[in-house]
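Below: entry23.cif (mmCIF, C-alpha atoms)
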data_run
loop_
_atom_site.group_PDB
_atom_site.id
_atom_site.type_symbol
_atom_site.label_atom_id
_atom_site.label_comp_id
_atom_site.auth_asym_id
_atom_site.auth_seq_id
_atom_site.Cartn_x
_atom_site.Cartn_y
_atom_site.Cartn_z
ATOM 1 C CA MET G 1 4.977 66.346 -16.441
ATOM 2 C CA ILE G 2 8.058 64.127 -16.867
ATOM 3 C CA TRP G 3 8.641 64.100 -13.105
ATOM 4 C CA LEU G 4 5.053 63.140 -12.258
ATOM 5 C CA ARG G 5 5.163 60.365 -14.818
ATOM 6 C CA ALA G 6 8.515 59.132 -13.495
ATOM 7 C CA LEU G 7 7.029 59.140 -9.985
ATOM 8 C CA ALA G 8 3.987 57.191 -11.196
ATOM 9 C CA VAL G 9 6.238 54.569 -12.793
ATOM 10 C CA TRP G 10 8.244 54.309 -9.564
ATOM 11 C CA LEU G 11 5.009 53.703 -7.643
ATOM 12 C CA ILE G 12 4.141 50.900 -10.064
ATOM 13 C CA MET G 13 7.628 49.445 -9.530
ATOM 14 C CA MET G 14 7.269 49.580 -5.751
ATOM 15 C CA ALA G 15 3.869 47.904 -5.902
ATOM 16 C CA ALA G 16 5.296 45.134 -8.094
ATOM 17 C CA GLU G 17 8.367 44.784 -5.870
ATOM 18 C CA THR G 18 6.168 44.606 -2.757
ATOM 19 C CA VAL G 19 4.201 41.724 -4.242
ATOM 20 C CA HIS G 20 7.494 40.176 -5.339
ATOM 21 C CA GLY G 21 8.852 40.424 -1.783
ATOM 22 C CA ILE G 22 5.720 38.897 -0.272
ATOM 23 C CA LEU G 23 5.856 35.971 -2.705
ATOM 24 C CA ARG G 24 9.575 35.512 -2.013
ATOM 25 C CA THR G 25 8.943 35.401 1.726
ATOM 26 C CA LEU G 26 5.969 33.060 1.522
ATOM 27 C CA LEU G 27 7.017 30.691 -1.249
ATOM 28 C CA LEU G 28 10.756 30.746 -1.812
ATOM 29 C CA ALA G 29 12.390 31.517 1.551
ATOM 30 C CA PRO G 30 10.838 28.540 3.389
ATOM 31 C CA GLN G 31 12.253 26.226 0.722
ATOM 32 C CA ILE G 32 15.811 27.531 0.387
ATOM 33 C CA GLY G 33 16.392 29.987 3.230
ATOM 34 C CA GLU G 34 16.084 33.747 3.492
ATOM 35 C CA LEU G 35 19.529 34.722 2.168
ATOM 36 C CA ARG G 36 19.356 32.483 -0.920
ATOM 37 C CA ALA G 37 15.802 33.627 -1.579
ATOM 38 C CA ARG G 38 16.931 37.265 -1.453
ATOM 39 C CA GLN G 39 19.845 36.546 -3.772
ATOM 40 C CA ILE G 40 17.591 34.848 -6.328
ATOM 41 C CA ALA G 41 15.020 37.619 -5.940
ATOM 42 C CA PHE G 42 17.671 40.174 -6.892
ATOM 43 C CA PHE G 43 17.601 38.794 -10.432
ATOM 44 C CA SER G 44 13.822 38.514 -10.724
ATOM 45 C CA GLY G 45 13.450 41.939 -9.065
ATOM 46 C CA SER G 46 15.912 43.443 -11.526
ATOM 47 C CA ALA G 47 13.831 41.973 -14.352
ATOM 48 C CA ILE G 48 10.708 43.574 -12.854
ATOM 49 C CA ILE G 49 12.432 46.966 -12.624
ATOM 50 C CA LEU G 50 13.880 46.808 -16.129
ATOM 51 C CA GLY G 51 10.645 45.449 -17.594
ATOM 52 C CA THR G 52 8.577 48.186 -15.991
ATOM 53 C CA ALA G 53 11.014 50.854 -17.147
ATOM 54 C CA TYR G 54 10.940 49.375 -20.654
ATOM 55 C CA LEU G 55 7.143 49.429 -20.756
ATOM 56 C CA PHE G 56 6.826 53.035 -19.581
ATOM 57 C CA ILE G 57 9.980 54.856 -20.719
ATOM 58 C CA ASN G 58 8.375 56.346 -23.829
ATOM 59 C CA TRP G 59 5.378 57.515 -21.775
ATOM 60 C CA ILE G 60 7.682 59.268 -19.289
ATOM 61 C CA GLY G 61 9.049 61.327 -22.171
ATOM 62 C CA ALA G 62 12.683 61.751 -21.101
ATOM 63 C CA ARG G 63 15.102 61.668 -24.023
ATOM 64 C CA SER G 64 18.513 62.900 -22.875
ATOM 65 C CA VAL G 65 21.074 60.719 -21.108
ATOM 66 C CA ARG G 66 21.332 63.288 -18.324
ATOM 67 C CA LEU G 67 17.580 63.362 -17.701
ATOM 68 C CA LEU G 68 17.327 59.573 -17.832
ATOM 69 C CA LEU G 69 20.095 59.267 -15.241
ATOM 70 C CA VAL G 70 18.472 61.894 -13.015
ATOM 71 C CA ILE G 71 15.210 59.920 -13.160
ATOM 72 C CA GLY G 72 17.161 56.794 -12.216
ATOM 73 C CA LEU G 73 18.761 58.694 -9.338
ATOM 74 C CA MET G 74 15.320 59.838 -8.223
ATOM 75 C CA TRP G 75 14.050 56.239 -8.298
ATOM 76 C CA MET G 76 17.090 55.120 -6.320
ATOM 77 C CA VAL G 77 16.673 57.781 -3.610
ATOM 78 C CA LEU G 78 12.919 57.205 -3.361
ATOM 79 C CA THR G 79 13.524 53.478 -3.023
ATOM 80 C CA LEU G 80 16.064 53.967 -0.251
ATOM 81 C CA GLY G 81 13.545 56.115 1.610
ATOM 82 C CA PHE G 82 10.759 53.621 0.997
ATOM 83 C CA GLU G 83 12.859 50.677 2.171
ATOM 84 C CA ALA G 84 13.989 52.549 5.293
ATOM 85 C CA ALA G 85 10.447 53.660 6.155
ATOM 86 C CA VAL G 86 8.988 50.180 5.684
ATOM 87 C CA GLY G 87 11.841 48.605 7.630
ATOM 88 C CA ILE G 88 11.691 51.024 10.545
ATOM 89 C CA TYR G 89 7.963 51.758 10.811
ATOM 90 C CA GLY G 90 6.530 48.594 9.271
ATOM 91 C CA PHE G 91 8.813 45.948 10.728
ATOM 92 C CA GLY G 92 10.469 47.760 13.623
ATOM 93 C CA TYR G 93 14.000 47.235 12.312
ATOM 94 C CA GLY G 94 16.842 49.436 13.498
ATOM 95 C CA TRP G 95 19.245 51.319 11.268
ATOM 96 C CA GLU G 96 21.862 48.566 11.663
ATOM 97 C CA ARG G 97 19.464 46.051 10.114
ATOM 98 C CA ILE G 98 18.559 48.463 7.317
ATOM 99 C CA PHE G 99 22.238 49.098 6.486
ATOM 100 C CA ALA G 100 22.998 45.360 6.640
ATOM 101 C CA GLU G 101 20.497 44.786 3.825
ATOM 102 C CA TYR G 102 22.799 46.810 1.542
ATOM 103 C CA ASP G 103 26.085 45.228 2.636
ATOM 104 C CA PRO G 104 27.419 42.884 -0.069
ATOM 105 C CA ARG G 105 29.864 41.384 2.463
ATOM 106 C CA THR G 106 26.874 39.629 4.054
ATOM 107 C CA GLY G 107 25.803 38.157 0.727
ATOM 108 C CA SER G 108 23.154 40.816 0.148
ATOM 109 C CA LEU G 109 22.702 42.081 -3.405
ATOM 110 C CA MET G 110 20.451 45.039 -2.564
ATOM 111 C CA LEU G 111 23.227 47.558 -3.226
ATOM 112 C CA PHE G 112 23.475 46.244 -6.774
ATOM 113 C CA GLY G 113 19.703 46.578 -7.067
ATOM 114 C CA LEU G 114 20.103 50.301 -6.475
ATOM 115 C CA PHE G 115 22.454 50.473 -9.454
ATOM 116 C CA VAL G 116 19.848 48.661 -11.550
ATOM 117 C CA LEU G 117 17.343 51.349 -10.533
ATOM 118 C CA LEU G 118 19.822 54.094 -11.372
ATOM 119 C CA LEU G 119 20.486 52.735 -14.851
ATOM 120 C CA ALA G 120 17.023 51.326 -15.648
ATOM 121 C CA PRO G 121 15.666 54.416 -17.451
ATOM 122 C CA LEU G 122 18.771 54.695 -19.646
ATOM 123 C CA ILE G 123 18.837 50.961 -20.410
ATOM 124 C CA ALA G 124 15.115 50.938 -21.209
ATOM 125 C CA PHE G 125 15.437 53.997 -23.448
ATOM 126 C CA ARG G 126 18.333 52.491 -25.371
ATOM 127 C CA LEU G 127 16.531 49.172 -25.795
ATOM 128 C CA ARG G 128 13.436 50.980 -27.055
ATOM 129 C CA ARG G 129 15.481 53.161 -29.391
ATOM 130 C CA GLY G 130 17.095 50.052 -30.872
ATOM 131 C CA GLN G 131 13.741 48.686 -32.028
#
Show the structure stored in the file as structure tokens.
Amino acid sequence: MIWLRALAVWLIMMAAETVHGILRTLLLAPQIGELRARQIAFFSGSAIILGTAYLFINWIGARSVRLLLVIGLMWMVLTLGFEAAVGIYGFGYGWERIFAEYDPRTGSLMLFGLFVLLLAPLIAFRLRRGQ
């Protein structure tokens, strides 16, 4: 049951991040450029991920550090697959373009976003436990 709930929360995150990406592209990128918009969106996207994890972490039911990190790893791997599939099949990007999105040398912060996903369940659990 924990795994299905973790998957459901990931789906909610991806839906929220998809809307976030559309709004970034339509509203922010034309004003400040694509790279700056993506860099700013890293912070708002991280807030979406952490906020969603915070809202649902008790419902998921994971309690151990190991299990929380495995859920984060699952979210990270699923996200990589989702991003690759959307990039390749949705936008027709090649693998070079997909990999470039995760290269911090180009100014991209997507790699750091994966670490946010990895740690989000543990961070959310600890914040909830502190209440």
*Which one of G:Met110, G:Ala120, G:Ala41, G:Ile49 sits closest to Ala16 in chain G if you count only C-alpha atoms?*
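Closest to Ala16 in chain G, using only C-alpha atoms: G:Ile49.
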*Looking at all atoms listed in the file, which of G:Thr18, G:Arg129, G:Leu119, G:Phe42 is the one that sits closest to Val70 in chain G?*
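Nearest candidate to Val70 in chain G out of G:Thr18, G:Arg129, G:Leu119, G:Phe42: G:Leu119.
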*asked:* Suppose a student applies the PyMOL selection byres ((chain G and resi 95-103) around 12) to this structure; what residues should they get, written as an NGL selection string?
replied: :G and (34-35 or 38-39 or 42 or 80-89 or 91-94 or 104-115)
*Can you list, as a list in words, the residues that the PyMOL selection byres ((chain G and resi 47) around 12) selects here?*
Met13, Ala16, Glu17, His20, Ile40, Ala41, Phe42, Phe43, Ser44, Gly45, Ser46, Ile48, Ile49, Leu50, Gly51, Thr52, Ala53, Tyr54, Leu55, Gly113, Val116, Leu117, Ala120, Ile123 and Ala124 of chain G
_Given all atoms listed in the file as the counted atoms, nearest of G:Ile32, G:Leu118, G:Leu27, G:Val19 to Leu78 in chain G_ =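 Closest to Leu78 in chain G of all the choices is G:Leu118.
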*To one decimal in Å, tell me the separation between CA of Phe56 in chain G and CA of Thr25 in chain G.*
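Pair CA of Phe56 in chain G / CA of Thr25 in chain G returns 27.7 Å.
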_With distances taken over only C-alpha atoms, which residue among G:Thr79, G:Trp3, G:Ala29, G:Leu11 lies nearest Ala62 in chain G?_
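So, comparing all the options, the nearest one is G:Trp3.
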Any chance you could work out the axis-aligned box around range 120-127 of chain G, listed atoms only, 4 Å on each side, giving centre and edge lengths in Å to one decimal, as lines of an AutoDock Vina configuration file?
center_x = 17.0
center_y = 51.9
center_z = -20.7
size_x = 11.7
size_y = 13.5
size_z = 18.1
